[in-house]
Amino acid sequence: MLIEPVGHGPKFSRRAVLRGASGLFFSLAVAGSLRADTMALNIVEVAPGVYVHQGHVELQSPTNLGGMSNAGFVVGDVGVAVIDTLGSAKMGAALRAAIRSVTDKPIVYVINTHMHPDHVFGNAAFLQDNATFVGHRKLAAGLLARADSYLQSSQQMMGAEALQGTQVITPSLDVSDHHVLDLGGRQLTCRAQPTAHTDNDLIVTDSKTGVTFLGDLLFDTHIPTIDGSARGWLQTIDKLQGQSLTHVVPGHGEPLMKSPEAFNSVKRYLQQLITDVKQDIQSGKSMADSVNTAGLSEQNRWDLFEQYHKRNVTAVYAEIEWE
Amino acid sequence: MRRRTLKSALISIAILAATPQNGYSADPAAELWSALKQDVFGAKAIREDSKVVVLEAPSRAEDAAYVPIRIKIAGDRAASVKSVTLLIDTNPSPLAAVFRYGPAAGGDKAERVIETRVRMDSYSNVRAVAETTDGQLHMATAFVKASGGCSAPSPKDSDAGSKDFGKVVVRHLNGDKAGLAQVMIRHPNNNGLQMDPISRNFIPANFIQGISIRRSGDTFMDIESGISISSDPNYRFSFSPDWSHDIKVVARGLDETLFEGQSTHSATQ
């Protein structure tokens with residue numbers, strides 16, 4: 001998903017912006033003990049050695065601590081790779097504790113499927129493992145440009161305490177096209193995607209089970225959010241549906257789904273939005289009016305529709321009005 | 001000359017907005033507006049008056065980098081309105097735009113509409129102040145919940161940035177009873193508040209500072225615009241249909257680069 005910009009934060013003056021730039025890497029508070037022991041995270045082994053935590057389909061809150069996305073890990077003969085780290089260092093620590101309940105093998109890779117805070121803000125919990133952070137080559141740029149605003153809105157939604165220990169951590173290994181990570185007895189292939197959900201989407205396929213982590217290229221239950229390109233996303237879905245993916249893990253919703261049919265709902269939503277917005281633009285309807293009508297046929301098909309749909313219309317409108 | 005004045009006003013307002021005058025205030029919003037009003041309009045009285053001007057804005061913005069704003073001027077007062085100033089109280093640069101009607105705006109009695117999209121930094125009052133030929137100021141205000149729009153990177157796809165740069169599109173929209181046209185300018189409108197993530201420096205401000213809209217050579221409207229206008233500046237405006245539909249637009253960047261466009265079809269669709 002995408003972070004919810006809510007107001008009433010500290011006033012965002014030009015000086016605050018400048019200050020923020022120099023202190024981008026500051027952690028919001030000095031990390032105390034992360035108290036991961038107090039939180040047991042549900043995990044399910046979706047395939048041998050492949051585990052998924054299913055996040056809540058809801059907005060960030062002081063209760064969920066940013067645990068509203070799916071995250072996973074894959075256990076090899078020599079090491080473990082984590083795929084996404086949830087939305088705070090505290091949730092990252094809870095995920096780490098869940099991994100430790102399954103295996104003592106070293107955590108060697110932390111892969112982020114894209115820049116959104118509910119997928120990367122738990123990264124700090126894995127600094128102690130000296131893991132290699134892996135992401136799309138454009139992840140760092142996208143995240144750093146938005147980091148201040150992500151931290152600010154996360155704090156507004158969850159409270160400062162929830163963010164204790166949270167840091168903005170960018171990949172130490174950039175993936176431009178694809179990269180193979182060896183866990184011993186199994187390999188994870190990371191493939192960078194062209195602009196779709198964001199401009200830094202990365203998918204991860206396990207060689208042993210064929211399970212592919214799609215990040216937010218696939219949404220289930222949770223309304224898709226568009227922070228890249230709706231047209232690009234549809235093209236990427238077409239491409240992925242044509243590949244021999246079998247079992248896929250969405251960024252939100254069910255822990256495991258079957259491709260190609262898993263993509264159908266997202267595809268229908270994006271197509272409907274583009275069709276409706278295109279028609280609005282052609283008939284001279286402005287953005288302000290289009291948000292009230294475009295894509296309404298999708299209203300009862302998704303959770304969090306009220307929270308994200310109009311913004312999606314805005315994004316699609318701004319994207320396709322130049323076509 | 002006039003432009004210089006506006007530009008220095010833009011800067012001084014930006015500083016003013018970022019610097020609380022003194023520690024405490026019973027009503028910070030009112031105090032902010034009072035200082036802003038003084039800076040832009042001096043001691044002149046301003047009346048809230050929906051009979052002259054109406055402002056439509058979402059109470060909660062969907063995307064703070066693209067907040068759609070619609071200003072309506074009542075038909076019976078349209079011919080007497082010479083300019084409309086758009087302000088966003090809490091933005092780093094609160095003076096978003098000034099729209100000045102010229103002779104080609106005509107003297108008809110149809111309602112006048114101006115639409116654009118703005119960036120918003122935090123929750124704020126948005127104001128449209130219409131000045132009539134008798135020098136009086138009439139205001140409409142809307143409160144909008146939005147935040148983070150000024151530092152939001154643009155565009156979403158970092159590789160799509162330079163496509164069509166500088167292109168100006170002028171479209172006639174449903175020219176049925178009243179004329180309605182749209183001007184779109186492909187320009188990032190960099191406001192100096194967005195960071196280049198690689199160098200971690202701020203991208204220098206370069207925005208469209210002025211737009212001249214003409215109908216058959218006569219001025220319909222001159223727009224002076226600041227950094228609060230969204231990237232790919234987008235304006236819609238109504239115009240009296242009893243005049244030429246031949247619309248020419250010249251936009252001027254901060255670096256004085258000119259971008260030009262014109263309508264290609266008459267107002268039918």
# chains A, B, ... in the order shown; residues from 1 in each chain; ligands from 1

$ select_by_dssp --residues "region 41-204 of chain A" --states "strand (DSSP E)" --output "ChimeraX atom specification"
/A:44-47,50-53,71-75,80-83,107-111,132-136,173-175,178-182,187-192,202-204

$ residues_around --residues "Trp233 (chain A)" --least-positions-apart "5" --cutoff "7 Å" --atoms "only C-alpha atoms" --output "list of chain:residue names"
A:Thr195, A:Ala196, A:His197

$ closest_residue --among "A:Asn123, A:Thr189, A:Ser286, A:Gln241" --to "chain B" --atoms "only C-alpha atoms"
A:Ser286

$ residues_around --residues "Trp33 (chain B)" --least-positions-apart "5" --cutoff "12 Å" --atoms "only C-alpha atoms" --output "list of chain:residue names"
B:Ile13, B:Leu16, B:Ala17, B:Asp27, B:Pro28, B:Gln38, B:Asp39, B:Val40, B:Phe41, B:Ile46, B:Leu87, B:Ile88, B:Asp89, B:Thr90, B:Asn91, B:Pro94, B:Leu95, B:Ser124, B:Asn125, B:Val126, B:Arg127, B:Thr141

$ write_last_selection --atoms "N, CA, C and O atoms" --output "PDB file, in the first residue's frame"
ATOM      1  N   ILE B  13       7.177  36.609   1.845  1.00  0.00           N
ATOM      2  CA  ILE B  13       6.096  35.854   2.473  1.00  0.00           C
ATOM      3  C   ILE B  13       6.593  34.492   2.903  1.00  0.00           C
ATOM      4  O   ILE B  13       6.273  34.003   3.970  1.00  0.00           O
ATOM      5  N   LEU B  16       8.382  34.963   6.065  1.00  0.00           N
ATOM      6  CA  LEU B  16       7.418  35.288   7.103  1.00  0.00           C
ATOM      7  C   LEU B  16       6.679  34.050   7.589  1.00  0.00           C
ATOM      8  O   LEU B  16       6.520  33.824   8.782  1.00  0.00           O
ATOM      9  N   ALA B  17       6.297  33.212   6.627  1.00  0.00           N
ATOM     10  CA  ALA B  17       5.520  32.034   6.988  1.00  0.00           C
ATOM     11  C   ALA B  17       6.350  31.060   7.813  1.00  0.00           C
ATOM     12  O   ALA B  17       5.831  30.319   8.633  1.00  0.00           O
ATOM     13  N   ASP B  27      -4.752  32.359  18.403  1.00  0.00           N
ATOM     14  CA  ASP B  27      -5.265  31.705  17.214  1.00  0.00           C
ATOM     15  C   ASP B  27      -4.210  31.805  16.108  1.00  0.00           C
ATOM     16  O   ASP B  27      -4.184  32.774  15.355  1.00  0.00           O
ATOM     17  N   PRO B  28      -3.331  30.810  16.027  1.00  0.00           N
ATOM     18  CA  PRO B  28      -2.233  30.884  15.063  1.00  0.00           C
ATOM     19  C   PRO B  28      -2.726  31.031  13.628  1.00  0.00           C
ATOM     20  O   PRO B  28      -2.130  31.755  12.834  1.00  0.00           O
ATOM     21  N   GLN B  38      -1.857  41.370   5.222  1.00  0.00           N
ATOM     22  CA  GLN B  38      -1.128  42.631   5.274  1.00  0.00           C
ATOM     23  C   GLN B  38      -0.057  42.658   4.177  1.00  0.00           C
ATOM     24  O   GLN B  38       0.115  43.649   3.485  1.00  0.00           O
ATOM     25  N   ASP B  39       0.627  41.547   4.009  1.00  0.00           N
ATOM     26  CA  ASP B  39       1.707  41.469   3.042  1.00  0.00           C
ATOM     27  C   ASP B  39       1.226  41.553   1.606  1.00  0.00           C
ATOM     28  O   ASP B  39       1.864  42.173   0.758  1.00  0.00           O
ATOM     29  N   VAL B  40       0.112  40.932   1.321  1.00  0.00           N
ATOM     30  CA  VAL B  40      -0.358  40.875  -0.059  1.00  0.00           C
ATOM     31  C   VAL B  40      -1.273  42.045  -0.406  1.00  0.00           C
ATOM     32  O   VAL B  40      -1.192  42.610  -1.485  1.00  0.00           O
ATOM     33  N   PHE B  41      -2.146  42.399   0.532  1.00  0.00           N
ATOM     34  CA  PHE B  41      -3.169  43.399   0.210  1.00  0.00           C
ATOM     35  C   PHE B  41      -3.035  44.693   1.012  1.00  0.00           C
ATOM     36  O   PHE B  41      -3.853  45.594   0.873  1.00  0.00           O
ATOM     37  N   ILE B  46     -11.067  43.289   3.413  1.00  0.00           N
ATOM     38  CA  ILE B  46     -11.468  42.148   2.585  1.00  0.00           C
ATOM     39  C   ILE B  46     -12.760  41.594   3.158  1.00  0.00           C
ATOM     40  O   ILE B  46     -12.856  41.326   4.350  1.00  0.00           O
ATOM     41  N   LEU B  87      -4.563  32.009  -2.605  1.00  0.00           N
ATOM     42  CA  LEU B  87      -3.607  31.930  -1.494  1.00  0.00           C
ATOM     43  C   LEU B  87      -3.775  30.638  -0.709  1.00  0.00           C
ATOM     44  O   LEU B  87      -4.886  30.135  -0.551  1.00  0.00           O
ATOM     45  N   ILE B  88      -2.665  30.100  -0.231  1.00  0.00           N
ATOM     46  CA  ILE B  88      -2.694  28.924   0.640  1.00  0.00           C
ATOM     47  C   ILE B  88      -1.904  29.295   1.887  1.00  0.00           C
ATOM     48  O   ILE B  88      -0.671  29.375   1.860  1.00  0.00           O
ATOM     49  N   ASP B  89      -2.616  29.547   2.981  1.00  0.00           N
ATOM     50  CA  ASP B  89      -2.010  30.196   4.149  1.00  0.00           C
ATOM     51  C   ASP B  89      -0.721  29.546   4.640  1.00  0.00           C
ATOM     52  O   ASP B  89       0.259  30.229   4.905  1.00  0.00           O
ATOM     53  N   THR B  90      -0.731  28.222   4.789  1.00  0.00           N
ATOM     54  CA  THR B  90       0.406  27.599   5.476  1.00  0.00           C
ATOM     55  C   THR B  90       1.487  27.083   4.536  1.00  0.00           C
ATOM     56  O   THR B  90       2.460  26.496   4.985  1.00  0.00           O
ATOM     57  N   ASN B  91       1.330  27.281   3.244  1.00  0.00           N
ATOM     58  CA  ASN B  91       2.370  26.815   2.323  1.00  0.00           C
ATOM     59  C   ASN B  91       3.652  27.638   2.484  1.00  0.00           C
ATOM     60  O   ASN B  91       3.593  28.796   2.887  1.00  0.00           O
ATOM     61  N   PRO B  94       2.853  31.102   0.220  1.00  0.00           N
ATOM     62  CA  PRO B  94       1.381  31.100   0.269  1.00  0.00           C
ATOM     63  C   PRO B  94       0.706  31.684  -0.974  1.00  0.00           C
ATOM     64  O   PRO B  94      -0.416  31.332  -1.289  1.00  0.00           O
ATOM     65  N   LEU B  95       1.401  32.588  -1.668  1.00  0.00           N
ATOM     66  CA  LEU B  95       0.797  33.216  -2.841  1.00  0.00           C
ATOM     67  C   LEU B  95       0.919  32.250  -4.015  1.00  0.00           C
ATOM     68  O   LEU B  95       1.978  32.114  -4.624  1.00  0.00           O
ATOM     69  N   SER B 124      -4.637  23.596   5.765  1.00  0.00           N
ATOM     70  CA  SER B 124      -4.609  25.045   5.571  1.00  0.00           C
ATOM     71  C   SER B 124      -5.925  25.597   5.058  1.00  0.00           C
ATOM     72  O   SER B 124      -6.700  24.901   4.411  1.00  0.00           O
ATOM     73  N   ASN B 125      -6.117  26.876   5.316  1.00  0.00           N
ATOM     74  CA  ASN B 125      -7.137  27.618   4.605  1.00  0.00           C
ATOM     75  C   ASN B 125      -6.622  27.931   3.212  1.00  0.00           C
ATOM     76  O   ASN B 125      -5.442  28.259   3.045  1.00  0.00           O
ATOM     77  N   VAL B 126      -7.508  27.781   2.237  1.00  0.00           N
ATOM     78  CA  VAL B 126      -7.192  28.190   0.872  1.00  0.00           C
ATOM     79  C   VAL B 126      -8.147  29.346   0.571  1.00  0.00           C
ATOM     80  O   VAL B 126      -9.316  29.297   0.953  1.00  0.00           O
ATOM     81  N   ARG B 127      -7.653  30.391  -0.065  1.00  0.00           N
ATOM     82  CA  ARG B 127      -8.482  31.581  -0.264  1.00  0.00           C
ATOM     83  C   ARG B 127      -8.426  32.070  -1.706  1.00  0.00           C
ATOM     84  O   ARG B 127      -7.369  32.027  -2.330  1.00  0.00           O
ATOM     85  N   THR B 141     -13.262  31.311   1.177  1.00  0.00           N
ATOM     86  CA  THR B 141     -12.255  30.512   1.889  1.00  0.00           C
ATOM     87  C   THR B 141     -12.718  29.067   1.998  1.00  0.00           C
ATOM     88  O   THR B 141     -13.899  28.803   2.184  1.00  0.00           O
TER      89      THR B 141
END

$ closest_residue --among "B:Ala64, B:Val168, B:Ile203, B:Ile208" --to "Asn189 (chain B)" --atoms "only C-alpha atoms"
B:Ile208

$ select_by_dssp --residues "region 249-286 of chain A" --states "helix (DSSP H, G or I)" --output "list of chain:residue names"
A:Glu261, A:Ala262, A:Phe263, A:Asn264, A:Ser265, A:Val266, A:Lys267, A:Arg268, A:Tyr269, A:Leu270, A:Gln271, A:Gln272, A:Leu273, A:Ile274, A:Thr275, A:Asp276, A:Val277, A:Lys278, A:Gln279, A:Asp280, A:Ile281, A:Gln282

$ residues_around --residues "region 296-306 of chain A" --least-positions-apart "2" --cutoff "9 Å" --atoms "only C-alpha atoms" --output "list in words"
Val57, Glu58, Leu59, Asp220, Thr221, His222, Ile223, Pro224, Ser265, Arg268, Tyr269, Gln272, Leu273, Asn292, Thr293, Ala294, Tyr308, His309 and Lys310 of chain A

$ closest_residue --among "B:Ala61, B:Ile73, B:Ile247, B:Ile229" --to "chain A" --atoms "only C-alpha atoms"
B:Ala61

$ closest_residue --among "B:Arg60, B:Lys82, B:Arg215, B:Arg119" --to "chain A" --atoms "only C-alpha atoms"
B:Arg60

$ residues_around --residues "region 257-263 of chain B" --least-positions-apart "6" --cutoff "7 Å" --atoms "only C-alpha atoms" --output "PDB file with all heavy atoms, in the first residue's frame"
ATOM      1  N   GLY B 166       7.988  20.751 -21.683  1.00  0.00           N
ATOM      2  CA  GLY B 166       7.730  22.031 -22.328  1.00  0.00           C
ATOM      3  C   GLY B 166       6.545  22.054 -23.268  1.00  0.00           C
ATOM      4  O   GLY B 166       6.186  23.096 -23.807  1.00  0.00           O
ATOM      5  N   VAL B 168       2.910  22.408 -24.574  1.00  0.00           N
ATOM      6  CA  VAL B 168       1.736  23.148 -24.113  1.00  0.00           C
ATOM      7  C   VAL B 168       0.526  22.684 -24.916  1.00  0.00           C
ATOM      8  O   VAL B 168       0.550  22.725 -26.144  1.00  0.00           O
ATOM      9  CB  VAL B 168       1.924  24.670 -24.287  1.00  0.00           C
ATOM     10  CG1 VAL B 168       0.676  25.424 -23.853  1.00  0.00           C
ATOM     11  CG2 VAL B 168       3.140  25.147 -23.500  1.00  0.00           C
ATOM     12  N   VAL B 169      -0.477  22.216 -24.226  1.00  0.00           N
ATOM     13  CA  VAL B 169      -1.693  21.752 -24.894  1.00  0.00           C
ATOM     14  C   VAL B 169      -2.840  22.695 -24.541  1.00  0.00           C
ATOM     15  O   VAL B 169      -3.038  23.023 -23.373  1.00  0.00           O
ATOM     16  CB  VAL B 169      -2.042  20.308 -24.458  1.00  0.00           C
ATOM     17  CG1 VAL B 169      -3.378  19.870 -25.048  1.00  0.00           C
ATOM     18  CG2 VAL B 169      -0.930  19.329 -24.846  1.00  0.00           C
ATOM     19  N   VAL B 170      -3.557  23.151 -25.548  1.00  0.00           N
ATOM     20  CA  VAL B 170      -4.740  23.976 -25.319  1.00  0.00           C
ATOM     21  C   VAL B 170      -5.943  23.237 -25.887  1.00  0.00           C
ATOM     22  O   VAL B 170      -5.974  22.921 -27.073  1.00  0.00           O
ATOM     23  CB  VAL B 170      -4.615  25.361 -25.991  1.00  0.00           C
ATOM     24  CG1 VAL B 170      -5.822  26.228 -25.657  1.00  0.00           C
ATOM     25  CG2 VAL B 170      -3.327  26.050 -25.568  1.00  0.00           C
ATOM     26  N   ARG B 171      -6.876  22.914 -25.041  1.00  0.00           N
ATOM     27  CA  ARG B 171      -8.047  22.135 -25.479  1.00  0.00           C
ATOM     28  C   ARG B 171      -9.324  22.921 -25.232  1.00  0.00           C
ATOM     29  O   ARG B 171      -9.469  23.558 -24.198  1.00  0.00           O
ATOM     30  CB  ARG B 171      -8.180  20.851 -24.642  1.00  0.00           C
ATOM     31  CG  ARG B 171      -7.196  19.764 -24.887  1.00  0.00           C
ATOM     32  CD  ARG B 171      -7.397  18.662 -23.843  1.00  0.00           C
ATOM     33  NE  ARG B 171      -8.607  17.867 -24.087  1.00  0.00           N
ATOM     34  CZ  ARG B 171      -9.260  17.195 -23.138  1.00  0.00           C
ATOM     35  NH1 ARG B 171      -8.849  17.230 -21.896  1.00  0.00           N
ATOM     36  NH2 ARG B 171     -10.321  16.482 -23.427  1.00  0.00           N
ATOM     37  N   ASP B 246      -9.925  31.253 -31.036  1.00  0.00           N
ATOM     38  CA  ASP B 246      -8.513  31.087 -31.344  1.00  0.00           C
ATOM     39  C   ASP B 246      -7.705  31.516 -30.113  1.00  0.00           C
ATOM     40  O   ASP B 246      -7.552  32.701 -29.834  1.00  0.00           O
ATOM     41  CB  ASP B 246      -8.175  31.952 -32.568  1.00  0.00           C
ATOM     42  CG  ASP B 246      -6.689  32.104 -32.767  1.00  0.00           C
ATOM     43  OD1 ASP B 246      -5.943  31.201 -32.331  1.00  0.00           O
ATOM     44  OD2 ASP B 246      -6.279  33.130 -33.331  1.00  0.00           O
ATOM     45  N   ILE B 247      -7.244  30.530 -29.346  1.00  0.00           N
ATOM     46  CA  ILE B 247      -6.564  30.820 -28.080  1.00  0.00           C
ATOM     47  C   ILE B 247      -5.080  30.516 -28.191  1.00  0.00           C
ATOM     48  O   ILE B 247      -4.687  29.435 -28.629  1.00  0.00           O
ATOM     49  CB  ILE B 247      -7.191  30.001 -26.927  1.00  0.00           C
ATOM     50  CG1 ILE B 247      -8.628  30.462 -26.708  1.00  0.00           C
ATOM     51  CG2 ILE B 247      -6.372  30.135 -25.654  1.00  0.00           C
ATOM     52  CD1 ILE B 247      -9.373  29.651 -25.675  1.00  0.00           C
ATOM     53  N   LYS B 248      -4.278  31.505 -27.807  1.00  0.00           N
ATOM     54  CA  LYS B 248      -2.829  31.312 -27.809  1.00  0.00           C
ATOM     55  C   LYS B 248      -2.293  31.454 -26.394  1.00  0.00           C
ATOM     56  O   LYS B 248      -2.722  32.340 -25.648  1.00  0.00           O
ATOM     57  CB  LYS B 248      -2.154  32.355 -28.699  1.00  0.00           C
ATOM     58  CG  LYS B 248      -2.167  31.962 -30.156  1.00  0.00           C
ATOM     59  CD  LYS B 248      -1.262  32.846 -30.983  1.00  0.00           C
ATOM     60  CE  LYS B 248      -1.274  32.351 -32.416  1.00  0.00           C
ATOM     61  NZ  LYS B 248      -0.901  33.367 -33.386  1.00  0.00           N
ATOM     62  N   VAL B 249      -1.362  30.603 -26.052  1.00  0.00           N
ATOM     63  CA  VAL B 249      -0.814  30.608 -24.697  1.00  0.00           C
ATOM     64  C   VAL B 249       0.701  30.721 -24.761  1.00  0.00           C
ATOM     65  O   VAL B 249       1.355  30.025 -25.533  1.00  0.00           O
ATOM     66  CB  VAL B 249      -1.202  29.297 -23.967  1.00  0.00           C
ATOM     67  CG1 VAL B 249      -0.486  29.188 -22.632  1.00  0.00           C
ATOM     68  CG2 VAL B 249      -2.707  29.223 -23.783  1.00  0.00           C
ATOM     69  N   VAL B 250       1.242  31.625 -23.968  1.00  0.00           N
ATOM     70  CA  VAL B 250       2.693  31.689 -23.796  1.00  0.00           C
ATOM     71  C   VAL B 250       2.988  31.580 -22.308  1.00  0.00           C
ATOM     72  O   VAL B 250       2.502  32.387 -21.509  1.00  0.00           O
ATOM     73  CB  VAL B 250       3.287  33.015 -24.342  1.00  0.00           C
ATOM     74  CG1 VAL B 250       4.801  33.025 -24.144  1.00  0.00           C
ATOM     75  CG2 VAL B 250       2.948  33.184 -25.818  1.00  0.00           C
ATOM     76  N   ALA B 251       3.750  30.554 -21.934  1.00  0.00           N
ATOM     77  CA  ALA B 251       4.132  30.380 -20.531  1.00  0.00           C
ATOM     78  C   ALA B 251       5.603  30.709 -20.397  1.00  0.00           C
ATOM     79  O   ALA B 251       6.402  30.429 -21.287  1.00  0.00           O
ATOM     80  CB  ALA B 251       3.856  28.949 -20.093  1.00  0.00           C
TER      81      ALA B 251
END

$ closest_residue --among "A:Ile83, A:Ala145, A:Leu181, A:Leu256" --to "chain B" --atoms "only C-alpha atoms"
A:Ala145

$ atom_distance --atom1 "CA of Tyr109 (chain A)" --atom2 "CA of Asp129 (chain A)"
9.1 Å
